[in-house]
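S.K.: I'd like to ask you about the structure that follows.
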Amino acid sequence: MRDADGILEVAGWVDATTVGVLVEPLACAIRGGDDVTVDLRDVAFVDIVALRLFVEAARELHADGRRLTLLGAPDPASRVLEMLGFADQEGLILQ
Amino acid sequence: MSTLAHDALIYEGEASFLEHMLPFVHGGLERDDAVLAVTSPGNIAALRSALGSDAGQVDFRDSTEWYRSPGVAFNGYAAYVDASDRPVRVIGEPVWPTGAAGAVREWAKYESVLNVAFADAPAWIVCPYDATSLPHEILDHARHTHPTLHALGGRVAHDEYMTPDAFWAGGVDAPVAPARARSLAVTPDLAALRAAVAVEAHEAGVPAERLPDLLFAVHELAINALTHGGGAARLACWLDGQHFVCELADDGPGIDDRYPGYRLPTPSDLGGRGIWLLRRLCDYVEIHSGADGTRVRVRVGRA
């Protein structure tokens, strides 16, 4: 994982067994004051625990007038978010 | 009508379908109800033609798309009822699966659970069953899962109806995984488990586009079994006719929900809705809890 200018690049998979590694860098990026991007283009799998972390981060950023962008989230992440009613989550952008 | 009416219509061919459903649709339009007709392309064409200019006021949906899975259909109706500012009248005719007994039973359980899930909905749902083509078992389910039968001139209560509690509790236990099933170890190395399931699913002919949903579902089951399963968890995969089946068995007490996965998650609640999600990602979700632990089966169709 690399962290530069509010961009977190992640590789491998983000699930209940690995998500802990992302918590501190994400919190750090949120403290940074800019919009935050998590680059998931090299991630093969995300689970519900990871999605929950991203939704909570987006809420926190939105409360501060900022945004979280998920870049290239693997299937079915965007559909699962939609099914659960987070398609229009303010502060969360899926690209 | 302020609460749910849920009738079965046992009919015999197209003329009989029209004889019963035309008055039902006309009655709804006269009351300015929203009218939704989910049925076969043949019945849609017949109904359109018979309705003439009134057909434009009816929402027609192809049952193959609408009834893709019990979870998808459940959610479709929930969204439709939710979005309507008028009472709704629904013709709901599923595409009944052939071959897999577990799949038929899951559709019947879905029909049964509508009676509680939509109990307070201002909806009149008629589920037509074509007696000329459906097996007796499915016609029996129709009577077990619908409190009233639709008849010319009125709705008739009958004594074969079973409450959802009784219907869900009945039925035979699912047979155990067949000897040919491939066993996979469930350990905290979930990436390895997903990779192994991907190989099995691919070899079984599961289309590549269904794979992410299947792996998401199996992963959720494995996490749940490791967290709450009371020790050893086993995953078995096999082919059952047109379905690829994954069964997660553990020694846990099961799922503390009378009708798992048949309530809508609220947007604030991203956790705790695993089974609901599984019902939308997979074609079928079968759950068996008992003294010997809990088994959850998910099925996806093959190419």
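Identifiers in this document derive from the order of the structure tokens: chains are assigned A, B, ..., residues are numbered from 1 separately in each chain, and ligands are numbered from 1 in order of occurrence.
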Mind checking which residues fall within 7 Å of Asp34 in chain A, counting only C-alpha atoms, ignoring those fewer than 2 positions away in the same chain, and posting them as a PyMOL selection string?
M.R.: chain A and resi 6+32+36+66
S.K.: List every residue of chain A that has an atom at most 9 Å from any atom of chain B, giving for each one its closest atom pair and the distance in Å to one decimal, counting only C-alpha atoms, sorted by chain and then by ascending residue number, as a Markdown table.
M.R.:
```
| residue | atom | partner | partner_atom | distance |
| --- | --- | --- | --- | --- |
| A:Trp13 | CA | B:Ala191 | CA | 8.0 |
| A:Asp15 | CA | B:Leu190 | CA | 8.9 |
| A:Ala16 | CA | B:Ile223 | CA | 7.9 |
| A:Thr17 | CA | B:Pro188 | CA | 7.6 |
| A:Phe45 | CA | B:Phe216 | CA | 8.2 |
| A:Val46 | CA | B:Phe216 | CA | 8.2 |
| A:Asp47 | CA | B:Phe216 | CA | 6.7 |
| A:Ile48 | CA | B:Gly271 | CA | 7.6 |
| A:Val49 | CA | B:Gly271 | CA | 8.0 |
| A:Leu51 | CA | B:Leu270 | CA | 8.5 |
| A:Arg52 | CA | B:Leu270 | CA | 6.4 |
| A:Val55 | CA | B:Leu270 | CA | 8.9 |
| A:Pro74 | CA | B:Pro212 | CA | 8.5 |
| A:Asp75 | CA | B:Pro212 | CA | 6.0 |
| A:Pro76 | CA | B:Pro212 | CA | 6.2 |
| A:Val80 | CA | B:Leu277 | CA | 7.7 |
| A:Leu81 | CA | B:Leu270 | CA | 8.9 |
| A:Met83 | CA | B:Leu277 | CA | 7.8 |
| A:Leu84 | CA | B:Pro267 | CA | 6.1 |
| A:Gly85 | CA | B:Pro267 | CA | 5.1 |
| A:Phe86 | CA | B:Pro267 | CA | 6.6 |
```
S.K.: Keeping only C-alpha atoms, write the selected residues as an mmCIF file, in the first residue's frame.
M.R.:
```
data_model
loop_
_atom_site.group_PDB
_atom_site.id
_atom_site.type_symbol
_atom_site.label_atom_id
_atom_site.label_comp_id
_atom_site.auth_asym_id
_atom_site.auth_seq_id
_atom_site.Cartn_x
_atom_site.Cartn_y
_atom_site.Cartn_z
ATOM 1 C CA TRP A 13 -7.648 -7.979 -1.382
ATOM 2 C CA ASP A 15 -11.536 -8.143 3.552
ATOM 3 C CA ALA A 16 -12.158 -8.910 7.192
ATOM 4 C CA THR A 17 -8.732 -10.517 7.476
ATOM 5 C CA PHE A 45 -11.760 -8.676 -3.882
ATOM 6 C CA VAL A 46 -13.446 -6.474 -1.283
ATOM 7 C CA ASP A 47 -15.945 -7.730 1.267
ATOM 8 C CA ILE A 48 -18.686 -6.145 3.341
ATOM 9 C CA VAL A 49 -16.309 -5.235 6.144
ATOM 10 C CA LEU A 51 -17.287 -1.541 2.237
ATOM 11 C CA ARG A 52 -18.468 -0.621 5.713
ATOM 12 C CA VAL A 55 -18.953 4.150 3.850
ATOM 13 C CA PRO A 74 -13.987 -4.807 -8.011
ATOM 14 C CA ASP A 75 -17.337 -6.370 -8.843
ATOM 15 C CA PRO A 76 -19.789 -6.697 -7.033
ATOM 16 C CA VAL A 80 -23.719 -4.380 -3.198
ATOM 17 C CA LEU A 81 -23.525 -0.752 -2.112
ATOM 18 C CA MET A 83 -28.517 -2.978 -2.924
ATOM 19 C CA LEU A 84 -27.857 -1.782 0.590
ATOM 20 C CA GLY A 85 -28.994 1.749 -0.198
ATOM 21 C CA PHE A 86 -25.618 3.449 -0.420
#
```
S.K.: Would you compute the distance between CA of Val35 in chain B and CA of Trp107 in chain B? Give it in Å to one decimal.
M.R.: 22.8 Å
S.K.: Can you check which residues of range 100-164 of chain B DSSP gives as helix (DSSP H, G or I) on the backbone and send them as number ranges by chain?
M.R.: B: 101-117, 136-145, 164
S.K.: Can you write just those residues out, N, CA, C and O atoms, as a short mmCIF file (atom, residue, chain, number, x, y, z; two decimals), in the first residue's frame?
M.R.:
```cif
data_model
loop_
_atom_site.label_atom_id
_atom_site.label_comp_id
_atom_site.auth_asym_id
_atom_site.auth_seq_id
_atom_site.Cartn_x
_atom_site.Cartn_y
_atom_site.Cartn_z
N ALA B 101 -35.34 -30.08 -6.44
CA ALA B 101 -36.38 -30.02 -5.41
C ALA B 101 -36.13 -28.88 -4.44
O ALA B 101 -37.06 -28.19 -4.01
N GLY B 102 -34.87 -28.65 -4.09
CA GLY B 102 -34.54 -27.58 -3.17
C GLY B 102 -34.96 -26.22 -3.71
O GLY B 102 -35.43 -25.36 -2.97
N ALA B 103 -34.83 -26.05 -5.01
CA ALA B 103 -35.18 -24.77 -5.63
C ALA B 103 -36.69 -24.54 -5.60
O ALA B 103 -37.16 -23.45 -5.28
N VAL B 104 -37.45 -25.58 -5.91
CA VAL B 104 -38.92 -25.46 -5.85
C VAL B 104 -39.36 -25.08 -4.44
O VAL B 104 -40.19 -24.21 -4.23
N ARG B 105 -38.76 -25.75 -3.48
CA ARG B 105 -39.14 -25.49 -2.09
C ARG B 105 -38.81 -24.04 -1.69
O ARG B 105 -39.56 -23.41 -0.96
N GLU B 106 -37.68 -23.53 -2.18
CA GLU B 106 -37.30 -22.14 -1.86
C GLU B 106 -38.32 -21.15 -2.43
O GLU B 106 -38.62 -20.15 -1.81
N TRP B 107 -38.82 -21.43 -3.64
CA TRP B 107 -39.85 -20.55 -4.21
C TRP B 107 -41.13 -20.62 -3.38
O TRP B 107 -41.80 -19.61 -3.16
N ALA B 108 -41.47 -21.82 -2.92
CA ALA B 108 -42.68 -21.95 -2.10
C ALA B 108 -42.51 -21.21 -0.77
O ALA B 108 -43.44 -20.56 -0.28
N LYS B 109 -41.32 -21.29 -0.20
CA LYS B 109 -41.07 -20.58 1.07
C LYS B 109 -41.14 -19.07 0.86
O LYS B 109 -41.63 -18.33 1.71
N TYR B 110 -40.68 -18.64 -0.31
CA TYR B 110 -40.79 -17.23 -0.65
C TYR B 110 -42.27 -16.82 -0.73
O TYR B 110 -42.68 -15.80 -0.16
N GLU B 111 -43.10 -17.62 -1.40
CA GLU B 111 -44.53 -17.31 -1.48
C GLU B 111 -45.13 -17.24 -0.07
O GLU B 111 -45.95 -16.37 0.23
N SER B 112 -44.70 -18.17 0.77
CA SER B 112 -45.23 -18.23 2.13
C SER B 112 -44.86 -16.99 2.94
O SER B 112 -45.69 -16.41 3.65
N VAL B 113 -43.62 -16.56 2.82
CA VAL B 113 -43.15 -15.46 3.66
C VAL B 113 -43.78 -14.13 3.25
O VAL B 113 -43.85 -13.19 4.04
N LEU B 114 -44.29 -14.04 2.01
CA LEU B 114 -44.97 -12.81 1.61
C LEU B 114 -46.12 -12.49 2.56
O LEU B 114 -46.43 -11.32 2.81
N ASN B 115 -46.76 -13.55 3.08
CA ASN B 115 -47.92 -13.34 3.96
C ASN B 115 -47.58 -12.56 5.23
O ASN B 115 -48.42 -11.84 5.75
N VAL B 116 -46.34 -12.70 5.70
CA VAL B 116 -45.95 -11.90 6.87
C VAL B 116 -45.20 -10.64 6.47
O VAL B 116 -45.43 -9.56 7.02
N ALA B 117 -44.33 -10.76 5.47
CA ALA B 117 -43.49 -9.61 5.11
C ALA B 117 -44.34 -8.46 4.57
O ALA B 117 -44.01 -7.29 4.77
N HIS B 136 -48.16 -31.69 -9.50
CA HIS B 136 -49.04 -31.66 -8.31
C HIS B 136 -48.37 -31.01 -7.11
O HIS B 136 -49.00 -30.29 -6.35
N GLU B 137 -47.08 -31.31 -6.95
CA GLU B 137 -46.34 -30.81 -5.79
C GLU B 137 -46.43 -29.28 -5.72
O GLU B 137 -46.63 -28.69 -4.66
N ILE B 138 -46.31 -28.62 -6.89
CA ILE B 138 -46.32 -27.16 -6.91
C ILE B 138 -47.75 -26.64 -6.67
O ILE B 138 -47.95 -25.63 -5.99
N LEU B 139 -48.75 -27.35 -7.18
CA LEU B 139 -50.14 -26.94 -6.93
C LEU B 139 -50.48 -27.12 -5.45
O LEU B 139 -51.23 -26.32 -4.88
N ASP B 140 -49.89 -28.15 -4.83
CA ASP B 140 -50.08 -28.30 -3.38
C ASP B 140 -49.47 -27.12 -2.64
O ASP B 140 -50.08 -26.55 -1.73
N HIS B 141 -48.25 -26.74 -3.05
CA HIS B 141 -47.61 -25.58 -2.43
C HIS B 141 -48.48 -24.34 -2.57
O HIS B 141 -48.56 -23.52 -1.67
N ALA B 142 -49.14 -24.20 -3.73
CA ALA B 142 -49.99 -23.02 -3.96
C ALA B 142 -51.04 -22.91 -2.87
O ALA B 142 -51.29 -21.83 -2.32
N ARG B 143 -51.66 -24.04 -2.54
CA ARG B 143 -52.71 -24.02 -1.51
C ARG B 143 -52.10 -23.85 -0.12
O ARG B 143 -52.70 -23.21 0.75
N HIS B 144 -50.89 -24.38 0.09
CA HIS B 144 -50.27 -24.27 1.41
C HIS B 144 -49.81 -22.84 1.71
O HIS B 144 -49.69 -22.46 2.87
N THR B 145 -49.53 -22.07 0.67
CA THR B 145 -48.88 -20.77 0.90
C THR B 145 -49.79 -19.58 0.60
O THR B 145 -49.35 -18.45 0.75
N PRO B 164 -46.99 -19.23 7.69
CA PRO B 164 -45.57 -19.26 7.29
C PRO B 164 -44.70 -20.02 8.30
O PRO B 164 -43.81 -20.78 7.90
#
```
S.K.: Which residues come within 8 Å of His20 in chain B, counting only C-alpha atoms, excluding same-chain residues fewer than 3 positions away, as a ChimeraX atom specification?
M.R.: /B:16-17,23-24,151-152
S.K.: May I have the residues from that selection written out with N, CA and C atoms, as a compact mmCIF listing (two decimals), in the first residue's frame?
M.R.:
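Ended up saving to out.txt:
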```txt
# COMPACT_ATOMS: atom_id res chain seq x y z
N SER B 16 -58.69 -19.67 -19.58
CA SER B 16 -59.05 -19.67 -18.16
C SER B 16 -58.31 -18.54 -17.42
N PHE B 17 -57.05 -18.32 -17.80
CA PHE B 17 -56.28 -17.21 -17.21
C PHE B 17 -57.00 -15.88 -17.46
N PRO B 23 -61.30 -9.55 -15.24
CA PRO B 23 -62.10 -8.81 -14.24
C PRO B 23 -61.24 -8.24 -13.11
N PHE B 24 -60.20 -8.98 -12.75
CA PHE B 24 -59.31 -8.52 -11.67
C PHE B 24 -58.61 -7.22 -12.08
N ALA B 151 -61.36 -17.02 -7.17
CA ALA B 151 -62.39 -17.70 -7.94
C ALA B 151 -63.27 -16.65 -8.59
N LEU B 152 -63.98 -17.04 -9.62
CA LEU B 152 -64.90 -16.10 -10.25
C LEU B 152 -65.93 -15.67 -9.20
```
S.K.: List the spatial neighbours of Gly99 in chain B as a PDB file with all heavy atoms, in the first residue's frame - criterion: any atom at most 9 Å away, only C-alpha atoms, same-chain residues fewer than 5 positions off excluded.
M.R.:
```pdb
ATOM      1  N   VAL B 104     -37.453 -25.576  -5.908  1.00  0.00           N
ATOM      2  CA  VAL B 104     -38.916 -25.461  -5.848  1.00  0.00           C
ATOM      3  C   VAL B 104     -39.358 -25.085  -4.440  1.00  0.00           C
ATOM      4  O   VAL B 104     -40.191 -24.214  -4.228  1.00  0.00           O
ATOM      5  CB  VAL B 104     -39.589 -26.784  -6.290  1.00  0.00           C
ATOM      6  CG1 VAL B 104     -41.069 -26.784  -5.944  1.00  0.00           C
ATOM      7  CG2 VAL B 104     -39.390 -27.000  -7.780  1.00  0.00           C
ATOM      8  N   ASP B 240     -25.588 -29.778  -9.201  1.00  0.00           N
ATOM      9  CA  ASP B 240     -26.912 -30.365  -9.022  1.00  0.00           C
ATOM     10  C   ASP B 240     -27.753 -29.908 -10.210  1.00  0.00           C
ATOM     11  O   ASP B 240     -28.308 -28.815 -10.194  1.00  0.00           O
ATOM     12  CB  ASP B 240     -27.519 -29.900  -7.689  1.00  0.00           C
ATOM     13  CG  ASP B 240     -28.889 -30.526  -7.457  1.00  0.00           C
ATOM     14  OD1 ASP B 240     -29.205 -31.545  -8.087  1.00  0.00           O
ATOM     15  OD2 ASP B 240     -29.644 -29.979  -6.623  1.00  0.00           O
ATOM     16  N   GLY B 241     -27.804 -30.729 -11.227  1.00  0.00           N
ATOM     17  CA  GLY B 241     -28.532 -30.338 -12.441  1.00  0.00           C
ATOM     18  C   GLY B 241     -27.942 -29.061 -13.032  1.00  0.00           C
ATOM     19  O   GLY B 241     -26.754 -29.009 -13.331  1.00  0.00           O
ATOM     20  N   GLN B 242     -28.763 -28.043 -13.144  1.00  0.00           N
ATOM     21  CA  GLN B 242     -28.304 -26.795 -13.743  1.00  0.00           C
ATOM     22  C   GLN B 242     -27.682 -25.846 -12.720  1.00  0.00           C
ATOM     23  O   GLN B 242     -27.373 -24.711 -13.033  1.00  0.00           O
ATOM     24  CB  GLN B 242     -29.471 -26.098 -14.456  1.00  0.00           C
ATOM     25  CG  GLN B 242     -29.844 -26.772 -15.770  1.00  0.00           C
ATOM     26  CD  GLN B 242     -28.636 -26.927 -16.688  1.00  0.00           C
ATOM     27  OE1 GLN B 242     -27.993 -25.958 -17.059  1.00  0.00           O
ATOM     28  NE2 GLN B 242     -28.321 -28.167 -17.055  1.00  0.00           N
TER      29      GLN B 242
END
```
S.K.: Residues within 10 Å of range 38-42 of chain A, please, as a PyMOL selection string. Count only C-alpha atoms; anything in the same chain fewer than 5 positions from it doesn't count.
M.R.: chain A and resi 1-3+6-14+22+26+29+54+68-74+94-95
